[in-house]
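**Q** Quick one, my_file24.txt (compact mmCIF, C-alpha atoms):
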# COMPACT_ATOMS: atom_id res chain seq x y z
CA MET S 281 -24.83 -53.55 23.16
CA LEU S 282 -22.23 -55.83 24.70
CA GLU S 283 -23.15 -58.52 22.19
CA ARG S 284 -22.61 -56.00 19.43
CA ASP S 285 -26.16 -56.53 18.41
CA GLU S 286 -27.12 -54.41 15.43
CA GLY S 287 -30.77 -54.41 16.42
CA ALA S 288 -29.85 -52.97 19.80
CA LEU S 289 -27.78 -50.26 18.20
CA ARG S 290 -30.64 -49.33 15.90
CA GLU S 291 -32.96 -49.12 18.87
CA VAL S 292 -30.55 -46.97 20.84
CA ILE S 293 -30.29 -44.54 17.91
CA SER S 294 -34.08 -44.44 17.51
CA THR S 295 -34.50 -43.70 21.20
CA TYR S 296 -31.71 -41.22 21.78
CA GLY S 297 -30.87 -39.99 18.26
CA GLY S 298 -33.02 -36.89 18.53
CA LEU S 299 -31.48 -35.85 21.83
CA VAL S 300 -27.92 -36.63 20.78
CA PHE S 301 -28.37 -34.71 17.53
CA ALA S 302 -29.91 -31.77 19.40
CA MET S 303 -26.99 -31.68 21.87
CA ALA S 304 -24.49 -31.77 19.01
CA LYS S 305 -26.33 -29.02 17.17
CA ARG S 306 -26.52 -26.93 20.29
CA VAL S 307 -22.72 -26.94 20.43
CA VAL S 308 -21.65 -26.87 16.78
CA ALA S 309 -24.66 -24.94 15.38
CA ASP S 310 -24.26 -26.48 11.93
CA PRO S 311 -26.71 -29.37 11.22
CA THR S 312 -24.30 -31.25 8.94
CA MET S 313 -21.50 -31.11 11.49
CA ALA S 314 -23.98 -32.02 14.21
CA GLU S 315 -24.99 -35.15 12.34
CA GLU S 316 -21.35 -36.19 12.05
CA VAL S 317 -20.89 -35.70 15.78
CA ALA S 318 -24.03 -37.72 16.54
CA GLN S 319 -22.78 -40.49 14.26
CA ASP S 320 -19.40 -40.53 16.04
CA ALA S 321 -21.06 -40.67 19.45
CA PHE S 322 -23.10 -43.77 18.57
CA LEU S 323 -20.13 -45.41 16.89
CA ALA S 324 -18.05 -44.78 20.01
CA LEU S 325 -20.62 -46.73 22.02
CA TRP S 326 -20.67 -49.49 19.41
CA ARG S 327 -16.90 -49.84 19.24
CA ARG S 328 -16.22 -49.50 22.94
CA PRO S 329 -19.32 -50.75 24.71
CA GLY S 330 -17.24 -51.20 27.87
CA SER S 331 -16.83 -47.43 28.12
CA TYR S 332 -20.47 -47.26 29.19
CA ASN S 333 -21.28 -48.70 32.57
CA SER S 334 -24.89 -48.69 33.68
CA ASP S 335 -23.84 -48.47 37.32
CA ARG S 336 -22.48 -45.02 36.61
CA GLY S 337 -25.57 -43.40 35.25
CA SER S 338 -28.09 -43.67 32.46
CA LEU S 339 -27.23 -44.37 28.87
CA GLN S 340 -28.79 -41.01 28.08
CA SER S 341 -26.34 -39.15 30.34
CA PHE S 342 -23.45 -41.12 28.91
CA LEU S 343 -24.39 -40.41 25.30
CA LEU S 344 -25.00 -36.73 25.97
CA GLY S 345 -21.62 -36.42 27.72
CA VAL S 346 -19.79 -38.14 24.89
CA THR S 347 -21.64 -36.01 22.34
CA ARG S 348 -20.84 -32.76 24.09
CA ASN S 349 -17.14 -33.65 24.36
CA LYS S 350 -16.93 -34.65 20.71
CA ALA S 351 -18.81 -31.55 19.60
CA ILE S 352 -16.57 -29.24 21.62
CA ASP S 353 -13.46 -30.98 20.25
CA LEU S 354 -14.77 -30.38 16.75
CA VAL S 355 -15.69 -26.76 17.33
CA ARG S 356 -12.29 -26.05 18.84
CA HIS S 357 -10.64 -27.81 15.94
CA GLU S 358 -12.59 -25.79 13.42
CA GLU S 359 -11.77 -22.60 15.27
CA SER S 360 -15.28 -21.50 14.66
CA LEU S 361 -15.95 -20.51 18.24
CA LYS S 362 -17.30 -17.09 17.42
CA LYS S 363 -19.72 -18.35 14.79
CA THR S 364 -21.63 -20.41 17.31
CA LYS S 365 -22.04 -17.71 19.92
CA VAL S 366 -25.21 -16.22 18.50
CA ALA S 367 -26.87 -19.62 18.18
CA LEU S 368 -25.87 -20.54 21.73
CA VAL S 369 -27.22 -17.46 23.35
CA THR S 370 -30.43 -17.53 21.33
CA GLU S 371 -30.91 -21.14 22.42
CA ALA S 372 -30.35 -20.16 26.01
CA GLU S 373 -33.05 -17.57 25.76
CA ALA S 374 -35.42 -20.01 24.12
CA ALA S 375 -34.64 -22.55 26.82
CA SER S 376 -35.56 -20.07 29.47
CA GLU S 377 -38.99 -19.54 27.96
CA GLY S 378 -40.12 -23.03 28.77
CA ARG S 379 -40.39 -26.22 26.84
CA SER S 380 -41.31 -26.53 23.22
CA GLY S 381 -44.09 -28.90 22.22
CA ASN S 382 -43.84 -32.27 20.53
CA GLU S 383 -41.17 -33.88 22.66
CA PRO S 384 -40.65 -37.57 23.25
CA VAL S 385 -41.01 -38.83 26.75
CA VAL S 386 -37.33 -39.21 27.63
CA GLY S 387 -36.69 -37.05 30.66
CA MET S 388 -39.35 -34.50 29.83
CA GLU S 389 -40.03 -33.62 33.44
CA GLU S 390 -36.36 -33.22 34.17
CA ARG S 391 -36.04 -30.96 31.19
CA ASP S 392 -38.88 -28.78 32.36
CA GLU S 393 -37.34 -28.48 35.79
CA LEU S 394 -33.94 -27.77 34.37
CA ARG S 395 -35.30 -25.09 32.11
CA ALA S 396 -37.18 -23.53 34.94
CA ALA S 397 -33.94 -23.50 36.92
CA LEU S 398 -32.00 -22.04 33.99
CA SER S 399 -34.61 -19.37 33.45
CA SER S 400 -34.30 -18.21 37.02
CA LEU S 401 -30.64 -17.32 36.53
CA SER S 402 -29.97 -13.72 35.62
CA ASP S 403 -29.40 -13.11 31.91
CA VAL S 404 -25.69 -12.51 32.39
CA GLN S 405 -25.25 -15.63 34.52
CA ARG S 406 -27.08 -17.80 32.02
CA GLU S 407 -25.09 -16.39 29.14
CA ALA S 408 -21.78 -17.15 30.87
CA VAL S 409 -22.77 -20.67 31.95
CA VAL S 410 -24.15 -21.56 28.51
CA LEU S 411 -21.05 -20.26 26.71
CA ALA S 412 -18.82 -22.30 29.02
CA TYR S 413 -20.86 -25.50 29.05
CA PHE S 414 -22.28 -25.72 25.53
CA GLY S 415 -19.71 -23.49 23.90
CA GLY S 416 -16.66 -25.10 25.50
CA ARG S 417 -15.21 -21.67 26.30
CA THR S 418 -12.78 -21.04 29.10
CA TYR S 419 -13.67 -18.22 31.50
CA ARG S 420 -11.06 -16.09 29.71
CA GLU S 421 -12.78 -16.63 26.37
CA VAL S 422 -16.13 -15.88 28.00
CA ALA S 423 -14.68 -12.61 29.33
CA GLU S 424 -13.24 -11.70 25.95
CA GLU S 425 -16.42 -12.44 24.03
CA LEU S 426 -18.65 -10.59 26.42
CA GLY S 427 -16.21 -7.71 26.88
CA ILE S 428 -16.08 -8.11 30.65
CA PRO S 429 -13.14 -8.49 33.05
CA GLU S 430 -11.96 -12.07 33.73
CA GLY S 431 -12.90 -11.73 37.39
CA THR S 432 -16.45 -10.88 36.40
CA ALA S 433 -16.65 -13.93 34.13
CA LYS S 434 -15.48 -16.17 36.97
CA THR S 435 -18.03 -14.62 39.31
CA ARG S 436 -20.89 -15.09 36.85
CA LEU S 437 -20.01 -18.77 36.39
CA ARG S 438 -19.79 -19.29 40.12
CA ASP S 439 -23.00 -17.44 40.93
CA GLY S 440 -24.80 -19.22 38.10
CA LEU S 441 -23.74 -22.67 39.25
CA SER S 442 -24.44 -21.86 42.89
CA LYS S 443 -27.96 -20.85 42.02
CA LEU S 444 -28.51 -23.93 39.86
CA ARG S 445 -27.18 -26.16 42.61
CA GLN S 446 -29.48 -24.54 45.10
CA LEU S 447 -32.52 -24.88 42.84
CA LEU S 448 -31.82 -28.49 41.99
CA SER S 449 -30.63 -29.70 45.36
CA ASP S 450 -33.95 -30.63 46.88
CA ARG S 451 -35.40 -32.53 44.02
CA THR S 452 -35.03 -35.88 42.29
CA GLU S 453 -31.67 -36.42 40.76
CA PHE S 454 -30.94 -36.48 37.09
CA THR S 455 -29.50 -39.79 36.13
CA MET F 108 -7.98 -20.41 43.72
CA LYS F 109 -11.47 -20.62 45.18
CA SER F 110 -12.78 -18.30 42.48
CA LEU F 111 -11.77 -20.87 39.85
CA ILE F 112 -13.65 -23.86 41.26
CA ALA F 113 -16.88 -23.29 39.32
CA ALA F 114 -14.97 -22.70 36.07
CA TYR F 115 -12.94 -25.86 36.79
CA VAL F 116 -16.01 -28.04 37.22
CA LEU F 117 -17.39 -26.61 33.96
CA GLY F 118 -14.09 -27.45 32.26
CA ALA F 119 -13.75 -23.73 31.51
CA VAL F 120 -10.12 -23.30 32.57
CA SER F 121 -6.83 -23.70 30.71
CA PRO F 122 -5.03 -27.06 30.93
CA GLU F 123 -2.45 -25.51 33.27
CA GLU F 124 -5.14 -24.14 35.56
CA MET F 125 -6.90 -27.49 35.41
CA GLU F 126 -3.84 -29.14 36.97
CA GLU F 127 -3.35 -26.34 39.51
CA VAL F 128 -6.93 -26.40 40.70
CA ARG F 129 -6.93 -30.18 40.84
CA ALA F 130 -3.78 -30.23 42.93
CA HIS F 131 -5.27 -27.62 45.24
CA ILE F 132 -8.61 -29.34 45.64
CA ILE F 133 -6.93 -32.56 46.71
CA SER F 134 -5.53 -30.83 49.77
CA CYS F 135 -8.40 -28.42 50.49
CA GLU F 136 -11.54 -29.96 51.85
CA GLU F 137 -13.54 -26.76 51.50
CA CYS F 138 -12.83 -26.43 47.77
CA MET F 139 -13.38 -30.14 47.31
CA ALA F 140 -16.85 -29.83 48.82
CA GLU F 141 -17.56 -26.82 46.62
CA ALA F 142 -16.51 -28.70 43.47
CA ASP F 143 -18.61 -31.66 44.48
CA GLY F 144 -21.61 -29.38 44.94
CA TYR F 145 -21.26 -27.88 41.47
CA SER F 146 -20.75 -31.19 39.70
CA GLY F 147 -24.41 -32.14 40.02
CA ALA F 148 -25.56 -28.81 38.59
CA VAL F 149 -23.11 -29.12 35.70
CA SER F 150 -24.07 -32.68 34.80
CA SER F 151 -27.74 -31.77 34.80
CA LEU F 152 -27.17 -28.97 32.27
CA ALA F 153 -27.17 -31.60 29.53
CA PHE F 154 -30.83 -32.21 30.26
CA SER F 155 -31.88 -28.74 29.20
CA VAL F 156 -31.52 -29.71 25.55
CA ALA F 157 -34.79 -30.49 23.78
CA PRO F 158 -34.63 -33.40 21.32
CA GLU F 159 -35.01 -32.74 17.61
CA ALA F 160 -36.13 -34.99 14.79
CA ILE F 161 -33.51 -37.61 14.00
CA PRO F 162 -31.86 -36.77 10.66
CA ASP F 163 -33.03 -39.24 7.99
CA THR F 164 -29.55 -40.50 7.21
CA LEU F 165 -28.29 -40.90 10.77
CA ILE F 166 -29.36 -44.49 11.44
CA ASP F 167 -28.24 -45.77 8.04
CA ASN F 168 -24.87 -44.04 8.26
CA VAL F 169 -24.16 -45.35 11.75
CA MET F 170 -25.21 -48.88 10.80
CA ARG F 171 -23.00 -48.83 7.71
CA GLU F 172 -19.98 -47.64 9.69
CA ALA F 173 -20.69 -50.15 12.43
CA ARG F 174 -20.73 -53.00 9.93
CA ALA F 175 -17.55 -51.77 8.27
CA GLY F 176 -15.88 -51.64 11.66
CA ALA F 177 -17.12 -55.12 12.55
CA ALA F 178 -14.56 -56.54 10.13
CA GLN F 179 -11.91 -55.38 12.55
CA PRO F 180 -11.05 -57.46 15.61
CA PRO F 181 -13.90 -57.11 18.06
CA VAL F 182 -13.37 -54.87 21.04
CA LYS F 183 -13.20 -56.78 24.26
CA ALA F 184 -16.05 -55.77 26.47
CA VAL F 185 -15.09 -54.72 29.94
CA PRO F 186 -16.44 -57.25 32.43
CA PRO F 187 -19.27 -56.08 34.62
CA VAL F 188 -18.04 -54.24 37.67
CA ALA F 189 -18.05 -55.93 41.02
CA ASP F 190 -20.78 -54.84 43.33
CA ASP F 191 -20.84 -55.39 47.03
CA SER F 192 -23.32 -58.24 46.97
CA ASP F 193 -20.59 -60.64 48.03
CA GLY F 194 -20.20 -58.65 51.22
CA SER F 195 -16.53 -58.05 50.59
CA GLY F 196 -16.96 -54.43 51.54
CA VAL F 197 -15.64 -53.43 48.17
CA THR F 198 -17.34 -51.39 45.52
CA GLU F 199 -16.01 -49.90 42.35
CA LEU F 200 -15.55 -46.17 42.13
CA ARG F 201 -18.65 -44.71 40.67
CA ARG F 202 -18.96 -41.60 38.59
CA SER F 203 -22.67 -41.65 39.05
CA ARG F 204 -24.54 -39.37 41.27
CA PRO F 205 -25.61 -39.23 44.03
CA ILE F 206 -22.16 -38.26 45.13
CA TYR F 207 -23.37 -36.24 48.06
CA GLY F 208 -23.01 -37.86 51.40
CA ILE F 209 -22.39 -41.33 50.05
CA VAL F 210 -18.66 -41.29 49.73
CA ALA F 211 -16.13 -39.37 51.72
CA ALA F 212 -15.01 -36.03 50.38
CA ALA F 213 -11.71 -37.36 49.12
CA ALA F 214 -13.41 -40.13 47.21
CA ALA F 215 -15.91 -37.68 45.74
CA LEU F 216 -13.06 -35.58 44.50
CA LEU F 217 -11.44 -38.58 42.90
CA ILE F 218 -14.62 -39.27 41.05
CA VAL F 219 -14.62 -35.74 39.69
CA ALA F 220 -10.91 -35.61 38.89
CA VAL F 221 -9.89 -39.10 37.88
CA LEU F 222 -12.99 -40.19 36.04
CA ALA F 223 -13.32 -36.89 34.23
CA GLY F 224 -9.99 -37.87 32.74
CA ALA F 225 -11.23 -41.35 31.97
CA LEU F 226 -14.25 -39.98 30.15
CA ILE F 227 -12.13 -37.70 28.04
CA THR F 228 -10.05 -40.71 27.03
CA THR F 229 -13.10 -42.51 25.70
CA THR F 230 -14.10 -39.58 23.53
CA ASN F 231 -10.85 -38.88 21.78
CA GLU F 232 -9.17 -40.61 18.91
CA LEU F 233 -6.22 -42.95 19.26
CA ASP F 234 -3.44 -40.47 18.53
CA GLU F 235 -4.59 -38.38 21.46
CA THR F 236 -4.66 -41.28 23.86
CA ARG F 237 -0.97 -41.04 24.62
CA ASN F 238 -1.34 -37.48 25.91
CA GLN F 239 -4.35 -38.48 27.93
CA LEU F 240 -2.44 -41.35 29.49
CA ALA F 241 0.45 -39.05 30.40
CA ALA F 242 -1.99 -36.71 32.11
CA GLN F 243 -3.63 -39.65 33.85
CA ARG F 244 -0.25 -40.86 35.11
CA GLU F 245 0.53 -37.41 36.44
CA ARG F 246 -2.79 -37.31 38.27
CA VAL F 247 -2.15 -40.64 39.98
CA GLU F 248 1.35 -39.45 40.83
CA GLN F 249 -0.13 -36.31 42.41
CA LEU F 250 -2.63 -38.34 44.39
CA ALA F 251 0.19 -40.58 45.62
CA GLY F 252 1.99 -37.48 46.88
CA THR F 253 -0.89 -36.20 48.99
CA GLN F 254 -0.85 -36.38 52.75
CA GLY F 255 -1.53 -39.83 54.18
CA ALA F 256 -1.38 -41.51 50.77
CA MET F 257 0.75 -44.57 49.99
CA ARG F 258 2.55 -44.77 46.66
CA LEU F 259 2.91 -48.07 44.85
CA GLY F 260 5.49 -48.84 42.20
CA GLY F 261 6.21 -51.84 40.00
CA PRO F 262 9.22 -53.70 38.64
CA SER F 263 9.11 -51.39 35.63
CA ASP F 264 8.51 -47.67 35.92
CA GLU F 265 5.42 -48.01 33.72
CA ALA F 266 2.83 -48.73 36.38
CA ILE F 267 2.12 -46.68 39.48
CA GLY F 268 -0.59 -46.74 42.09
CA ALA F 269 -1.85 -44.77 45.06
CA MET F 270 -3.88 -45.75 48.11
CA LEU F 271 -5.59 -42.83 49.80
CA PRO F 272 -7.27 -42.87 53.20
CA THR F 273 -10.83 -41.58 53.37
CA ASP F 274 -13.27 -41.18 56.23
CA GLU F 275 -14.77 -44.53 55.36
CA GLY F 276 -11.74 -46.58 54.39
CA GLY F 277 -9.61 -46.06 51.35
CA VAL F 278 -9.58 -45.36 47.66
CA PHE F 279 -7.09 -47.03 45.34
CA VAL F 280 -6.09 -45.92 41.86
CA ALA F 281 -3.53 -47.43 39.50
CA HIS F 282 -2.22 -46.31 36.16
CA GLY F 283 -0.26 -48.21 33.53
CA LEU F 284 -1.27 -51.82 34.22
CA ASP F 285 -1.98 -53.93 31.14
CA ALA F 286 -5.26 -55.81 30.92
CA PRO F 287 -4.90 -58.96 33.06
CA PRO F 288 -4.59 -62.36 31.30
CA SER F 289 -7.95 -63.90 30.42
CA ASN F 290 -9.91 -65.23 33.40
CA HIS F 291 -7.67 -63.24 35.70
CA THR F 292 -8.02 -60.01 37.59
CA TYR F 293 -5.96 -57.67 39.73
CA GLN F 294 -6.32 -57.98 43.48
CA VAL F 295 -5.30 -55.35 46.04
CA TRP F 296 -3.85 -56.44 49.39
CA LEU F 297 -3.56 -54.40 52.56
CA LEU F 298 -0.55 -55.44 54.62
CA ASP F 299 -0.57 -55.35 58.42
CA ASP F 300 2.78 -56.54 59.78
CA GLY F 301 3.27 -58.28 56.49
CA GLN F 302 -0.08 -60.13 56.72
CA PRO F 303 -2.20 -59.53 53.58
CA THR F 304 -5.93 -58.82 53.69
CA SER F 305 -7.84 -58.45 50.43
CA ALA F 306 -9.17 -54.99 49.63
CA GLY F 307 -10.91 -56.23 46.49
CA THR F 308 -10.27 -56.78 42.80
CA PHE F 309 -10.29 -54.50 39.78
CA ASP F 310 -9.85 -54.53 36.04
CA PRO F 311 -8.27 -51.45 34.46
CA GLU F 312 -10.50 -49.44 32.15
CA SER F 313 -8.98 -46.93 29.74
CA GLY F 314 -5.64 -47.56 31.42
CA LEU F 315 -6.98 -46.72 34.86
CA GLY F 316 -7.76 -49.15 37.65
CA SER F 317 -9.64 -48.12 40.75
CA LEU F 318 -11.49 -49.47 43.71
CA GLN F 319 -12.89 -48.31 46.96
CA THR F 320 -12.68 -50.22 50.22
CA ASP F 321 -14.37 -49.65 53.54
CA ARG F 322 -11.55 -51.33 55.44
CA SER F 323 -9.70 -48.82 57.58
CA LEU F 324 -6.13 -48.06 56.57
CA GLU F 325 -5.17 -47.16 60.12
CA ASP F 326 -3.04 -50.23 60.85
CA VAL F 327 -2.04 -50.82 57.26
CA ASP F 328 1.68 -50.50 56.70
CA GLY F 329 1.83 -51.51 53.07
CA VAL F 330 -0.22 -52.20 49.96
CA ALA F 331 0.42 -54.68 47.14
CA VAL F 332 -1.30 -55.71 43.92
CA THR F 333 -1.12 -59.22 42.43
CA VAL F 334 -2.67 -61.00 39.44
CA GLU F 335 -5.21 -63.58 40.62
CA PRO F 336 -7.81 -65.87 39.05
CA GLU F 337 -11.15 -64.20 38.35
CA GLY F 338 -13.05 -63.48 41.52
CA GLY F 339 -9.88 -63.09 43.55
CA SER F 340 -7.99 -65.40 45.93
CA PRO F 341 -8.12 -65.77 49.72
CA ALA F 342 -4.37 -65.04 49.81
CA PRO F 343 -1.94 -63.72 47.19
CA THR F 344 -0.59 -66.44 44.88
CA GLY F 345 1.90 -64.51 42.76
CA ASP F 346 4.56 -61.82 42.91
CA PRO F 347 3.29 -58.26 43.31
CA VAL F 348 2.98 -56.21 40.11
CA LEU F 349 2.72 -53.13 42.30
CA SER F 350 3.77 -52.62 45.92
CA THR F 351 4.64 -49.91 48.41
Any chance you could give the structure as structure tokens?
**A**
Amino acid sequence: MLERDEGALREVISTYGGLVFAMAKRVVADPTMAEEVAQDAFLALWRRPGSYNSDRGSLQSFLLGVTRNKAIDLVRHEESLKKTKVALVTEAEAASEGRSGNEPVVGMEERDELRAALSSLSDVQREAVVLAYFGGRTYREVAEELGIPEGTAKTRLRDGLSKLRQLLSDRTEFT
Amino acid sequence: MKSLIAAYVLGAVSPEEMEEVRAHIISCEECMAEADGYSGAVSSLAFSVAPEAIPDTLIDNVMREARAGAAQPPVKAVPPVADDSDGSGVTELRRSRPIYGIVAAAAALLIVAVLAGALITTTNELDETRNQLAAQRERVEQLAGTQGAMRLGGPSDEAIGAMLPTDEGGVFVAHGLDAPPSNHTYQVWLLDDGQPTSAGTFDPESGLGSLQTDRSLEDVDGVAVTVEPEGGSPAPTGDPVLST
């Protein structure tokens, strides 16, 4: 990528395009918007290759992080927060049911483990964590959307993360 | 404050709370450790997404935009980061995991707080960069104000730096330095009775420079930054651009 090699860019998109697009869609819900986000994420890497440093983690993590940030920016800009809630929560439920078939090899085992961990959260914990992480909501917005007190929203986020941390702590790291 | 740590690591707090929690974490080892613990769980959430088929038009659209952009002046690639293979005892700050147990708690916090800011900068458009830089400056200023930290200033008010002691040495951050002239780098010096010892070199990225040193700051009574030829110098050769 540092040589601004078009072939390399094409290869990166072929390898990670499906994941990047899925992450974008998870956040923005709309496929057309998701494709725009995915496009922006790859162009960000192309234009500022120095922003990715392999010492700091895998290219996959980097691209997914950039994609999530861009998608959340877009969703916030569009003020379409509420529209995506249903899609988010449905996805969370699907995620907790185990992996779908026909997946490429990138990080499949990690995904299985992650999903297993997510599925062991209580429904209310998972809902809160997913809304905050994929939905870009603050705990106040989570509270408002779910009709629960702010303190309860904070507790669900904390309990959810604590449990995830505990489940993931003894195994290979995600990089 | 403790009840907000998980929300903070998820980015699920207001900008005001973000600053409050950050300021608190810097001075509270317990909350720092808690934030560090959550950060791994949060970063692994991205891996729960299952890939979908790549939209037909995605590759072509990206390639077209990439070619259109190539007509613009090329972006200078950031040079590869220094590793510790030269035995200088210096490594760059890393955002990567594993965070646990490798760096001291204060350094781990910096990775969460400072580099979270750096990542945001890379994902926003130009007109937002100014706000990001202001926030970044404020963060470095806050770090410089923490207990045991040394604040560095420059001839202009633009650039500031902070050297923070950790269990294993020190962590240095600087904001507002321009990219060094070609074939040059910034070098950090620890002063003991006026005698400089190198703490390593760095090149700013997204406006932020950082490095980590395992040299103890115990007897250090000052810190300075100079511009030196690539690879660094045995002793400073120019006037400090930042100093305590």
**Q** Separation of CA of Val404 (chain S) and CA of Gly298 (chain S), in Å?
**A**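 Between CA of Val404 (chain S) and CA of Gly298 (chain S) the gap is 29.0 Å.
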**Q** Which polymer residues, protein or nucleic acid, are no farther than 9 Å from (5.0, -52.9, 41.1), counting all atoms listed in the file, as a PyMOL selection string?
**A** chain F and resi 259-268+331-333+347-351
**Q** Could you check which of F:Ser323, F:Gln243, F:Ser110, F:Asn168 is closest to Glu430 (chain S), using all atoms listed in the file?
**A**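 Distance minimum relative to Glu430 (chain S) lands on F:Ser110.
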**Q** Give me the residues within 7 Å of region 305-318 of chain S as a short mmCIF file (atom, residue, chain, number, x, y, z; two decimals) with C-alpha atoms, in the coordinates of the input, counting all atoms listed in the file and dropping any in the same chain fewer than 3 places off.
**A**
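Once written, part-v9.cif looks like this:
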data_model
loop_
_atom_site.label_atom_id
_atom_site.label_comp_id
_atom_site.auth_asym_id
_atom_site.auth_seq_id
_atom_site.Cartn_x
_atom_site.Cartn_y
_atom_site.Cartn_z
CA VAL S 300 -27.92 -36.63 20.78
CA PHE S 301 -28.37 -34.71 17.53
CA ALA S 302 -29.91 -31.77 19.40
CA ALA S 321 -21.06 -40.67 19.45
CA PHE S 322 -23.10 -43.77 18.57
CA THR S 347 -21.64 -36.01 22.34
CA LYS S 350 -16.93 -34.65 20.71
CA ALA S 351 -18.81 -31.55 19.60
CA ILE S 352 -16.57 -29.24 21.62
CA VAL S 355 -15.69 -26.76 17.33
CA THR S 364 -21.63 -20.41 17.31
CA ALA S 367 -26.87 -19.62 18.18
CA LEU S 368 -25.87 -20.54 21.73
CA PHE S 414 -22.28 -25.72 25.53
CA GLY S 415 -19.71 -23.49 23.90
CA LEU F 165 -28.29 -40.90 10.77
#
**Q** Measuring between only C-alpha atoms, which one of F:Gln294, F:Ser305, F:Ser151, F:Gln319 shows the shortest distance to chain S?
**A**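 Looking at the shortest contact to chain S, the residue is F:Ser151.
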**Q** Enter the distance from CA of Val156 (chain F) to CA of Glu172 (chain F), in Å, rounded to one decimal.
**A**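 For CA of Val156 (chain F) relative to CA of Glu172 (chain F), the distance reads 26.6 Å.
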**Q** Between F:Thr308, F:Gly255, F:Gly316, F:Leu117, which is the closest to Asp143 (chain F) once you count only C-alpha atoms?
**A**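 For Asp143 (chain F), the nearest of the candidates is F:Leu117.
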**Q** Kindly indicate which residue among F:Ala286, F:Ile112, F:Ala306, F:Leu152 lies nearest to Cys138 (chain F), using only C-alpha atoms for the distances.
**A**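 Closest residue, counting only C-alpha atoms: F:Ile112.
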**Q** Quick one: contact table of chain S to chain F, 6 Å max, nearest atom pair and distance in Å to one decimal per residue, counting all atoms listed in the file, chain and number order, as a Markdown table?
**A**
| residue | atom | partner | partner_atom | distance |
| --- | --- | --- | --- | --- |
| S:Gly297 | CA | F:Ile161 | CA | 5.5 |
| S:Gly298 | CA | F:Ile161 | CA | 4.6 |
| S:Leu299 | CA | F:Pro158 | CA | 4.0 |
| S:Ala302 | CA | F:Pro158 | CA | 5.3 |
| S:Gln319 | CA | F:Val169 | CA | 5.6 |
| S:Gly330 | CA | F:Val185 | CA | 4.6 |
| S:Arg336 | CA | F:Ser203 | CA | 4.2 |
| S:Gly337 | CA | F:Ser203 | CA | 5.1 |
| S:Arg391 | CA | F:Ser155 | CA | 5.1 |
| S:Leu394 | CA | F:Ser155 | CA | 5.6 |
| S:Arg395 | CA | F:Ser155 | CA | 5.8 |
| S:Ala412 | CA | F:Ala119 | CA | 5.8 |
| S:Arg417 | CA | F:Ala119 | CA | 5.8 |
| S:Thr418 | CA | F:Ala119 | CA | 3.7 |
| S:Tyr419 | CA | F:Ala119 | CA | 5.5 |
| S:Arg438 | CA | F:Ala113 | CA | 5.0 |
| S:Leu444 | CA | F:Ala148 | CA | 5.8 |
| S:Arg445 | CA | F:Ala148 | CA | 5.1 |
**Q** Hey, what's within 8 Å of Leu315 (chain F) if we count only C-alpha atoms and toss same-chain stuff fewer than 5 positions away? As a list in words, please?
**A** Ala225, Gln243, Val280, Ala281, His282, Gly283 and Leu284 of chain F
**Q** Name the closest residue to Arg356 (chain S) among the candidates S:Leu343, S:Gly416, S:Ile293, S:Ala408; distances are taken between atoms, counting all atoms listed in the file.
**A** S:Gly416
**Q** Have a look at F:Asp328, F:Pro343, F:Gln249, F:Ser289 and name the one nearest to Gly307 (chain F); count all atoms listed in the file.
**A**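 When distances to Gly307 (chain F) are compared using all atoms listed in the file, the smallest one comes from F:Pro343.
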**Q** What gap, in Å, lies between CA of Ser340 (chain F) and CA of Ala269 (chain F)?
**A**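 These atoms are spaced 21.5 Å apart.
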**Q** Name all residues at most 8 Å from Thr292 (chain F) (count all atoms listed in the file; drop same-chain ones fewer than 4 positions away) and give them as a PDB file with C-alpha atoms, keeping the file's coordinate frame.
**A**
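Done, and the output landed in around_25.pdb:
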ATOM      1  CA  PRO F 287      -4.900 -58.960  33.060  1.00  0.00           C
ATOM      2  CA  PRO F 288      -4.590 -62.360  31.300  1.00  0.00           C
ATOM      3  CA  THR F 308     -10.270 -56.780  42.800  1.00  0.00           C
ATOM      4  CA  PHE F 309     -10.290 -54.500  39.780  1.00  0.00           C
ATOM      5  CA  ASP F 310      -9.850 -54.530  36.040  1.00  0.00           C
ATOM      6  CA  VAL F 334      -2.670 -61.000  39.440  1.00  0.00           C
ATOM      7  CA  GLU F 335      -5.210 -63.580  40.620  1.00  0.00           C
ATOM      8  CA  PRO F 336      -7.810 -65.870  39.050  1.00  0.00           C
ATOM      9  CA  GLU F 337     -11.150 -64.200  38.350  1.00  0.00           C
ATOM     10  CA  GLY F 338     -13.050 -63.480  41.520  1.00  0.00           C
ATOM     11  CA  GLY F 339      -9.880 -63.090  43.550  1.00  0.00           C
TER      12      GLY F 339
END
**Q** Kindly add N, CA and C atoms to the incomplete region 347-351 of chain S and provide the output as a JSON list (two decimals), keeping the file's coordinate frame.
**A**
[["chain", "number", "residue", "atom", "x", "y", "z"],
["S", 347, "THR", "N", -21.29, -36.90, 23.46],
["S", 347, "THR", "CA", -21.64, -36.01, 22.34],
["S", 347, "THR", "C", -21.11, -34.60, 22.58],
["S", 348, "ARG", "N", -21.30, -34.11, 23.79],
["S", 348, "ARG", "CA", -20.84, -32.76, 24.09],
["S", 348, "ARG", "C", -19.33, -32.68, 23.94],
["S", 349, "ASN", "N", -18.60, -33.67, 24.48],
["S", 349, "ASN", "CA", -17.14, -33.65, 24.36],
["S", 349, "ASN", "C", -16.69, -33.68, 22.90],
["S", 350, "LYS", "N", -17.32, -34.54, 22.12],
["S", 350, "LYS", "CA", -16.93, -34.65, 20.71],
["S", 350, "LYS", "C", -17.25, -33.35, 19.97],
["S", 351, "ALA", "N", -18.40, -32.78, 20.28],
["S", 351, "ALA", "CA", -18.81, -31.55, 19.60],
["S", 351, "ALA", "C", -17.86, -30.40, 19.94]]
